[in-house]
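K.L.:
See structure_5.csv below, with CSV, C-alpha atoms.
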chain,number,residue,atom,x,y,z
Z,1,MET,CA,79.1,89.3,101.0
Z,2,ARG,CA,82.4,87.7,100.7
Z,3,TYR,CA,84.0,86.3,103.8
Z,4,LEU,CA,83.4,86.6,107.5
Z,5,ILE,CA,86.0,88.0,109.7
Z,6,LEU,CA,86.6,88.0,113.4
Z,7,PRO,CA,86.3,90.5,116.2
Z,8,PHE,CA,89.9,90.4,117.2
Z,9,ALA,CA,92.5,91.6,114.7
Z,10,VAL,CA,96.1,92.7,114.6
Z,11,CYS,CA,95.9,95.2,111.7
Z,12,LEU,CA,97.9,98.1,110.4
Z,13,PHE,CA,96.2,101.2,111.5
Z,14,ILE,CA,96.8,104.8,110.6
Z,15,PRO,CA,95.3,107.9,112.3
Z,16,SER,CA,92.9,108.1,109.4
Z,17,SER,CA,91.6,104.6,108.9
Z,18,ILE,CA,89.9,104.1,105.5
Z,19,PRO,CA,87.5,101.1,105.5
Z,20,ALA,CA,89.0,97.9,104.3
Z,21,GLY,CA,88.4,94.2,104.0
Z,22,PRO,CA,90.2,92.5,106.8
Z,23,PRO,CA,92.8,91.3,106.8
Z,24,PHE,CA,93.6,93.6,103.8
Z,25,ARG,CA,93.7,97.3,103.1
Z,26,THR,CA,91.9,96.8,99.8
Z,27,ASP,CA,88.1,96.3,100.3
Z,28,ASP,CA,85.5,94.2,98.5
Z,29,PRO,CA,82.1,95.5,97.3
Z,30,GLY,CA,79.9,93.0,99.1
Z,31,PRO,CA,77.9,94.2,102.0
Z,32,VAL,CA,76.8,92.1,105.0
Z,33,ASP,CA,73.6,90.2,104.3
Z,34,TYR,CA,70.3,91.7,105.4
Z,35,ARG,CA,69.8,91.5,109.2
Z,36,HIS,CA,73.2,89.9,109.7
Z,37,TRP,CA,75.8,91.2,112.1
Z,38,GLU,CA,79.6,91.2,112.0
Z,39,PHE,CA,81.6,92.2,115.1
Z,40,TYR,CA,85.4,92.5,115.2
Z,41,CYS,CA,87.9,93.1,117.9
Z,42,ALA,CA,91.1,94.0,116.2
Z,43,LEU,CA,94.7,95.1,116.7
Z,44,GLN,CA,96.5,97.0,113.8
Z,45,ILE,CA,100.1,97.9,114.1
Z,46,THR,CA,102.6,99.8,111.9
Z,47,HIS,CA,106.3,100.1,112.6
Z,48,ASP,CA,108.2,102.8,110.7
Z,49,ASN,CA,111.3,104.9,111.1
Z,50,ASP,CA,109.6,107.0,113.8
Z,51,GLY,CA,108.4,104.1,116.0
Z,52,LEU,CA,105.3,102.0,116.6
Z,53,SER,CA,101.7,103.0,116.1
Z,54,GLY,CA,98.3,101.4,115.7
Z,55,ALA,CA,94.9,100.6,117.0
Z,56,VAL,CA,95.3,98.5,120.2
Z,57,PRO,CA,92.5,97.4,119.9
Z,58,TYR,CA,89.6,98.6,117.8
Z,59,VAL,CA,86.1,97.4,117.9
Z,60,GLU,CA,84.0,97.3,114.7
Z,61,GLY,CA,80.4,96.4,114.0
Z,62,ASN,CA,78.6,96.0,110.6
Z,63,TYR,CA,74.9,95.4,110.3
Z,64,GLY,CA,72.9,94.6,107.1
Z,65,VAL,CA,70.2,97.3,107.5
Z,66,ILE,CA,68.5,96.6,104.2
Z,67,LYS,CA,69.2,94.2,101.3
Z,68,GLY,CA,72.4,95.3,99.5
Z,69,MET,CA,73.6,97.7,102.2
Z,70,HIS,CA,75.2,97.6,105.6
Z,71,ILE,CA,76.1,100.3,108.2
Z,72,HIS,CA,79.5,100.3,109.7
Z,73,LEU,CA,81.0,101.7,113.0
Z,74,ASN,CA,84.6,101.5,114.1
Z,75,VAL,CA,85.8,102.7,117.5
Z,76,PRO,CA,89.6,102.4,118.1
Z,77,LEU,CA,92.0,102.9,121.0
Z,78,PHE,CA,95.2,104.2,119.5
Z,79,LEU,CA,98.8,103.8,120.5
Z,80,ASN,CA,101.6,106.1,119.5
Z,81,GLN,CA,105.1,104.9,120.7
Z,82,PRO,CA,107.9,106.9,119.1
Z,83,HIS,CA,111.6,105.9,119.3
Z,84,THR,CA,112.2,109.2,121.1
Z,85,GLY,CA,109.8,111.1,123.2
Z,86,HIS,CA,106.7,110.1,125.2
Z,87,ALA,CA,104.3,107.3,124.3
Z,88,ALA,CA,100.6,108.2,124.1
Z,89,TYR,CA,97.5,105.9,124.3
Z,90,GLY,CA,93.8,106.9,124.1
Z,91,PRO,CA,90.8,107.1,121.9
Z,92,GLY,CA,91.4,107.4,118.2
Z,93,ASP,CA,89.2,108.7,115.4
Z,94,MET,CA,85.8,107.0,115.1
Z,95,GLU,CA,84.6,105.9,111.7
Z,96,PHE,CA,81.1,105.6,110.3
Z,97,GLY,CA,80.3,104.2,106.8
Z,98,LEU,CA,77.7,102.7,104.5
Z,99,LYS,CA,78.6,99.9,102.1
Z,100,CYS,CA,76.1,99.6,99.2
Z,101,ARG,CA,76.0,97.0,96.4
Z,102,LEU,CA,75.3,98.7,93.1
Z,103,VAL,CA,75.6,95.8,90.6
Z,104,ASN,CA,75.3,92.1,91.2
Z,105,GLU,CA,77.9,89.7,89.8
Z,106,THR,CA,77.1,87.7,86.7
Z,107,THR,CA,79.1,85.3,84.6
Z,108,ALA,CA,80.4,88.2,82.5
Z,109,PHE,CA,80.2,91.2,84.9
Z,110,PRO,CA,81.8,91.9,88.3
Z,111,LEU,CA,80.1,92.7,91.5
Z,112,ILE,CA,80.3,96.5,92.0
Z,113,GLY,CA,79.8,98.5,95.2
Z,114,ILE,CA,80.6,101.8,97.0
Z,115,TYR,CA,81.7,102.3,100.6
Z,116,PRO,CA,81.6,106.0,101.6
Z,117,ALA,CA,82.9,106.6,105.1
Z,118,VAL,CA,83.5,109.6,107.4
Z,119,GLU,CA,86.2,109.9,110.1
Z,120,ILE,CA,85.1,111.8,113.2
Z,121,PRO,CA,88.0,113.5,115.0
Z,122,THR,CA,87.6,111.9,118.5
Z,123,GLY,CA,91.4,111.3,118.9
Z,124,ASN,CA,93.9,113.8,120.2
Z,125,PRO,CA,96.0,115.1,117.3
Z,126,SER,CA,98.6,116.8,119.5
Z,127,LYS,CA,99.5,113.3,120.8
Z,128,HIS,CA,99.3,111.8,117.2
Z,129,LEU,CA,96.2,109.8,118.2
Z,130,GLY,CA,94.0,111.3,115.5
Z,131,ALA,CA,94.0,113.4,112.3
Z,132,GLY,CA,92.4,116.5,113.9
Z,133,ASP,CA,89.7,117.0,111.3
Z,134,VAL,CA,86.7,115.4,109.7
Z,135,GLN,CA,87.7,113.2,106.8
Z,136,PHE,CA,85.7,111.6,104.0
Z,137,PHE,CA,86.6,108.5,102.0
Z,138,ILE,CA,84.7,107.8,98.7
Z,139,PRO,CA,85.7,104.6,97.0
Z,140,LEU,CA,84.4,102.3,94.3
Z,141,TRP,CA,85.1,98.5,94.5
Z,142,LEU,CA,84.8,95.6,92.1
Z,143,GLN,CA,84.9,91.8,92.6
Z,144,LYS,CA,84.9,88.7,90.4
Z,145,THR,CA,84.9,85.0,91.5
Z,146,TRP,CA,85.8,81.9,89.5
Z,147,GLY,CA,85.4,78.8,91.6
Z,148,ALA,CA,87.8,78.9,94.5
Z,149,TRP,CA,89.5,82.1,93.2
Z,150,THR,CA,88.3,85.6,94.1
Z,151,THR,CA,89.8,88.9,93.1
Z,152,TYR,CA,88.7,92.4,94.1
Z,153,GLY,CA,89.9,96.0,94.2
Z,154,GLY,CA,89.5,99.6,93.1
Z,155,GLY,CA,90.2,102.7,95.0
Z,156,GLY,CA,88.9,106.1,96.3
Z,157,TYR,CA,89.7,109.6,97.3
Z,158,LEU,CA,90.4,110.6,100.9
Z,159,ILE,CA,89.2,114.2,101.6
Z,160,HIS,CA,90.2,116.3,104.7
Z,161,SER,CA,87.7,118.9,105.8
Z,162,ALA,CA,90.5,121.2,107.0
Z,163,SER,CA,92.5,123.1,104.5
Z,164,ASN,CA,95.7,121.0,104.1
Z,165,PRO,CA,97.6,119.2,101.4
Z,166,ASP,CA,96.9,115.7,102.8
Z,167,ASN,CA,94.0,114.7,100.5
Z,168,SER,CA,95.1,111.5,98.7
Z,169,PHE,CA,94.1,108.7,96.4
Z,170,PHE,CA,94.1,105.0,97.6
Z,171,ILE,CA,94.2,102.2,95.0
Z,172,GLY,CA,94.6,98.5,95.7
Z,173,TRP,CA,94.0,95.1,94.3
Z,174,GLU,CA,93.7,91.7,96.0
Z,175,GLY,CA,93.6,88.1,95.0
Z,176,GLN,CA,92.6,85.1,97.2
Z,177,ARG,CA,92.0,81.4,97.0
Z,178,ASP,CA,89.9,79.1,99.1
Z,179,LEU,CA,92.2,76.2,100.1
Z,180,SER,CA,89.2,74.5,101.8
Z,181,GLU,CA,86.0,75.5,103.6
Z,182,ILE,CA,88.2,76.4,106.6
Z,183,VAL,CA,91.2,78.3,105.1
Z,184,THR,CA,91.5,81.1,102.6
Z,185,ILE,CA,94.8,82.7,101.6
Z,186,GLY,CA,95.4,86.0,99.8
Z,187,ALA,CA,97.7,88.8,98.8
Z,188,GLU,CA,97.4,92.4,97.8
Z,189,LEU,CA,99.2,95.4,96.3
Z,190,PHE,CA,98.1,98.9,97.3
Z,191,SER,CA,99.3,102.5,97.0
Z,192,THR,CA,98.6,105.9,98.5
Z,193,ILE,CA,99.1,108.7,96.0
Z,194,PHE,CA,98.9,112.5,96.7
Z,195,PRO,CA,97.7,114.8,93.9
Z,196,SER,CA,100.9,116.9,94.1
Z,197,GLU,CA,104.3,115.2,93.9
Z,198,SER,CA,105.1,114.0,97.4
Z,199,PRO,CA,107.6,111.8,99.2
Z,200,GLU,CA,104.6,110.4,101.0
Z,201,ASN,CA,103.6,108.4,97.9
Z,202,ASP,CA,104.1,104.7,98.4
Z,203,VAL,CA,103.4,101.2,97.2
Z,204,ALA,CA,103.1,98.3,99.6
Z,205,PHE,CA,102.0,94.6,99.8
Z,206,ASN,CA,100.2,92.4,102.3
Z,207,ILE,CA,99.9,88.6,102.5
Z,208,GLY,CA,97.2,87.1,104.8
Z,209,ALA,CA,94.8,84.4,105.6
Z,210,ILE,CA,91.3,83.8,106.9
Z,211,VAL,CA,90.4,80.8,109.1
Z,212,ASN,CA,86.8,79.9,109.5
Z,213,PHE,CA,86.3,77.7,112.6
Z,214,ASN,CA,82.5,77.5,111.9
Z,215,ASP,CA,79.8,79.8,110.5
Z,216,ASN,CA,80.1,82.2,113.5
Z,217,HIS,CA,83.8,82.3,114.6
Z,218,HIS,CA,86.7,83.4,112.4
Z,219,LEU,CA,90.4,84.4,112.6
Z,220,LEU,CA,92.2,86.7,110.3
Z,221,PHE,CA,95.8,87.8,110.1
Z,222,SER,CA,98.2,89.5,107.6
Z,223,ALA,CA,101.6,91.0,107.4
Z,224,GLY,CA,103.3,93.3,104.8
Z,225,LYS,CA,105.6,96.2,104.1
Z,226,ASP,CA,106.3,99.1,101.8
Z,227,ILE,CA,108.2,98.3,98.6
Z,228,VAL,CA,108.3,101.9,97.2
Z,229,GLY,CA,108.5,105.1,99.3
Z,230,HIS,CA,108.3,104.5,103.0
Z,231,ASP,CA,109.9,101.5,104.8
Z,232,ASP,CA,106.8,100.7,107.0
Z,233,VAL,CA,106.1,97.2,108.3
Z,234,PHE,CA,102.4,96.2,108.9
Z,235,LEU,CA,100.9,93.5,111.2
Z,236,TYR,CA,97.3,92.5,111.5
Z,237,ALA,CA,95.4,89.9,113.4
Z,238,ALA,CA,91.6,89.7,114.2
Z,239,TYR,CA,88.8,87.7,115.6
Z,240,GLN,CA,85.4,88.1,114.0
Z,241,LEU,CA,82.0,87.0,115.3
Z,242,THR,CA,79.2,86.7,112.7
Z,243,ILE,CA,75.6,86.5,113.8
Z,244,CYS,CA,72.7,85.5,111.6
Z,245,PRO,CA,69.1,86.6,112.3
Z,246,ILE,CA,66.9,84.2,114.4
Z,247,LEU,CA,63.9,83.3,112.3
Z,248,SER,CA,60.6,83.0,114.3
Z,249,GLY,CA,58.8,81.0,111.6
Z,250,HIS,CA,55.9,83.5,111.6
Any chance you could put this one into structure tokens?

P.N.:
Amino acid sequence: MRYLILPFAVCLFIPSSIPAGPPFRTDDPGPVDYRHWEFYCALQITHDNDGLSGAVPYVEGNYGVIKGMHIHLNVPLFLNQPHTGHAAYGPGDMEFGLKCRLVNETTAFPLIGIYPAVEIPTGNPSKHLGAGDVQFFIPLWLQKTWGAWTTYGGGGYLIHSASNPDNSFFIGWEGQRDLSEIVTIGAELFSTIFPSESPENDVAFNIGAIVNFNDNHHLLFSAGKDIVGHDDVFLYAAYQLTICPILSGH
């Protein structure tokens, strides 16, 4: 597993939230350690030409169910506040996923993992609080570390169960450096690409940091914007609680 994150985050959120490695959109391939817990309380906000939207907040939990795999659940409350029209606030789409490590990192070879997830349409699409259909995200992630430096990335395909043209590819790559045992800084580039030529294709960046107060309590935040395509601005901040198993000694 890479870095612990906190249960309260100000993140960018979209009605269909593919799993990511807070405070970034790009994920890493490392699952939570066996019998360890991660809890997040997070806020993700996106501002675009239409207005403001995001998860305000979302609650996420990850648990290392076996060695090399964790289960994931994300339950958001979603805000849609357009420049014109009525604002809406309510449950967003829930997300369930499994992160699995496929290959351990070695001196010459990267850590490799998959993180398939399903979005369950618990949000109201008529109020832009959800996508309105079941979605599946199937990604492959890689990671390599050299001392204080870590880089990871990859991508996947987002599939809608309903018949629509919104299926898309996501690709991203992130680099980060430990400034100390307390502070890690990083940056990423990521892109959403639709199979057919689309004005929705974009390229964006984020810069962010992770602050580890101790082994259990962490703070994450990031900010970024589109540089090709849309003109969206993203903000993220999070608190994460990490819980290790209590060993009985028997």

K.L.:
Which of these, Z:Asp93, Z:Asp166, Z:Asp226, Z:Asp33, has the shortest distance to Gly132 (chain Z) once you count only C-alpha atoms?

P.N.:
Z:Asp93

K.L.:
Using only C-alpha atoms, what does the table of region 19-104 of chain Z residues within 10 Å of region 142-149 of chain Z look like, with each row giving the shortest atom pair and its distance in Å to one decimal, sorted by chain and ascending number, as CSV?

P.N.:
residue,atom,partner,partner_atom,distance
Z:Asp27,CA,Z:Leu142,CA,8.9
Z:Asp28,CA,Z:Gln143,CA,6.4
Z:Pro29,CA,Z:Leu142,CA,5.9
Z:Gly30,CA,Z:Gln143,CA,8.3
Z:Arg101,CA,Z:Leu142,CA,9.9
Z:Val103,CA,Z:Leu142,CA,9.3
Z:Asn104,CA,Z:Gln143,CA,9.7

K.L.:
Looking at all atoms listed in the file, which of Z:Pro121, Z:Pro91, Z:Pro116, Z:Gly64 is the one that sits closest to Leu77 (chain Z)?

P.N.:
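The closest residue to Leu77 (chain Z) is Z:Pro91.
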
K.L.:
Pick out the residues sitting within 6 Å of region 78-89 of chain Z, and hand them over as a count of residues only; count all atoms listed in the file, and ignore anything fewer than 3 positions along from it in its own chain.

P.N.:
9

K.L.:
So which one's closest to Thr184 (chain Z), Z:Ser222, Z:Gln135, Z:Asn62, Z:Thr122? Using all atoms listed in the file, please.

P.N.:
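Looking only at the distances to Thr184 (chain Z), the closest residue turns out to be Z:Ser222.
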
K.L.:
For the point (88.3, 107.0, 97.4) in the file's frame, write as a PyMOL selection string all residues with an atom no more than 9 Å away, counting all atoms listed in the file.

P.N.:
chain Z and resi 18+115-116+136-140+154-159+168-171

K.L.:
Those residues with C-alpha atoms, as a short mmCIF file (atom, residue, chain, number, x, y, z; two decimals), in the frame of the given file please?

P.N.:
data_model
loop_
_atom_site.label_atom_id
_atom_site.label_comp_id
_atom_site.auth_asym_id
_atom_site.auth_seq_id
_atom_site.Cartn_x
_atom_site.Cartn_y
_atom_site.Cartn_z
CA ILE Z 18 89.90 104.10 105.50
CA TYR Z 115 81.70 102.30 100.60
CA PRO Z 116 81.60 106.00 101.60
CA PHE Z 136 85.70 111.60 104.00
CA PHE Z 137 86.60 108.50 102.00
CA ILE Z 138 84.70 107.80 98.70
CA PRO Z 139 85.70 104.60 97.00
CA LEU Z 140 84.40 102.30 94.30
CA GLY Z 154 89.50 99.60 93.10
CA GLY Z 155 90.20 102.70 95.00
CA GLY Z 156 88.90 106.10 96.30
CA TYR Z 157 89.70 109.60 97.30
CA LEU Z 158 90.40 110.60 100.90
CA ILE Z 159 89.20 114.20 101.60
CA SER Z 168 95.10 111.50 98.70
CA PHE Z 169 94.10 108.70 96.40
CA PHE Z 170 94.10 105.00 97.60
CA ILE Z 171 94.20 102.20 95.00
#

K.L.:
Which is closer to Gly224 (chain Z) than all the others in Z:Thr242, Z:Leu102, Z:Pro23, Z:Ile120, using all atoms listed in the file?

P.N.:
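The shortest atom-to-atom distance to Gly224 (chain Z) comes from Z:Pro23.
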
K.L.:
Leaving out His230 (chain Z) and any residue of its chain fewer than 3 positions from it, which residues lie within 9 Å of it when counting all atoms listed in the file, given as an MDAnalysis selection string?

P.N.:
chainID Z and resid 48:49 199:204 225:227

K.L.:
Just write the chosen residues, C-alpha atoms, as a compact mmCIF listing (two decimals), keeping the file's coordinate frame.

P.N.:
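Once written, part18.txt looks like this:
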# COMPACT_ATOMS: atom_id res chain seq x y z
CA ASP Z 48 108.20 102.80 110.70
CA ASN Z 49 111.30 104.90 111.10
CA PRO Z 199 107.60 111.80 99.20
CA GLU Z 200 104.60 110.40 101.00
CA ASN Z 201 103.60 108.40 97.90
CA ASP Z 202 104.10 104.70 98.40
CA VAL Z 203 103.40 101.20 97.20
CA ALA Z 204 103.10 98.30 99.60
CA LYS Z 225 105.60 96.20 104.10
CA ASP Z 226 106.30 99.10 101.80
CA ILE Z 227 108.20 98.30 98.60

K.L.:
Can you work out the spacing between CA of Pro22 (chain Z) and CA of Ala108 (chain Z) in Å, to one decimal?

P.N.:
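Computing it gives 26.6 Å between the two atoms.
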
K.L.:
So, with all atoms listed in the file as the atoms that count, which of Z:Gly97, Z:Gly113, Z:Gly90, Z:Gly153 lies closest to Gly175 (chain Z)?

P.N.:
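Using all atoms listed in the file, the shortest distance to Gly175 (chain Z) belongs to Z:Gly153.
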
K.L.:
Enumerate, as a list in words, the protein, DNA and RNA residues whose atoms approach (96.2, 96.2, 118.5) to within 7 Å, taking into account all atoms listed in the file and the coordinate frame of the file.

P.N.:
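These residues have at least one counted atom within 7 Å: Val10, Cys11, Ala42, Leu43, Gln44, Ile45, Gly54, Ala55, Val56 and Pro57 of chain Z.
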
K.L.:
Just the residues within 8 Å of Tyr34 (chain Z), please, counting only C-alpha atoms, with nothing from its chain fewer than 5 positions along; format it as a VMD selection string.

P.N.:
chain Z and resid 63 to 70

K.L.:
Nearest to Asn212 (chain Z): which of Z:Phe96, Z:Phe24, Z:Tyr239, Z:Tyr152 is it, counting only C-alpha atoms?

P.N.:
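When distances to Asn212 (chain Z) are compared using only C-alpha atoms, the smallest one comes from Z:Tyr239.
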
K.L.:
Any idea what's packed within 9 Å of Leu73 (chain Z), counting all atoms listed in the file, ignoring anything in its chain fewer than 2 positions away? Could you give it as a PDB file with C-alpha atoms, in the coordinates of the input?

P.N.:
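Written out: selection_15.pdb:
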ATOM      1  CA  VAL Z  59      86.100  97.400 117.900  1.00  0.00           C
ATOM      2  CA  GLU Z  60      84.000  97.300 114.700  1.00  0.00           C
ATOM      3  CA  GLY Z  61      80.400  96.400 114.000  1.00  0.00           C
ATOM      4  CA  ASN Z  62      78.600  96.000 110.600  1.00  0.00           C
ATOM      5  CA  ILE Z  71      76.100 100.300 108.200  1.00  0.00           C
ATOM      6  CA  VAL Z  75      85.800 102.700 117.500  1.00  0.00           C
ATOM      7  CA  MET Z  94      85.800 107.000 115.100  1.00  0.00           C
ATOM      8  CA  GLU Z  95      84.600 105.900 111.700  1.00  0.00           C
ATOM      9  CA  PHE Z  96      81.100 105.600 110.300  1.00  0.00           C
ATOM     10  CA  GLY Z  97      80.300 104.200 106.800  1.00  0.00           C
TER      11      GLY Z  97
END
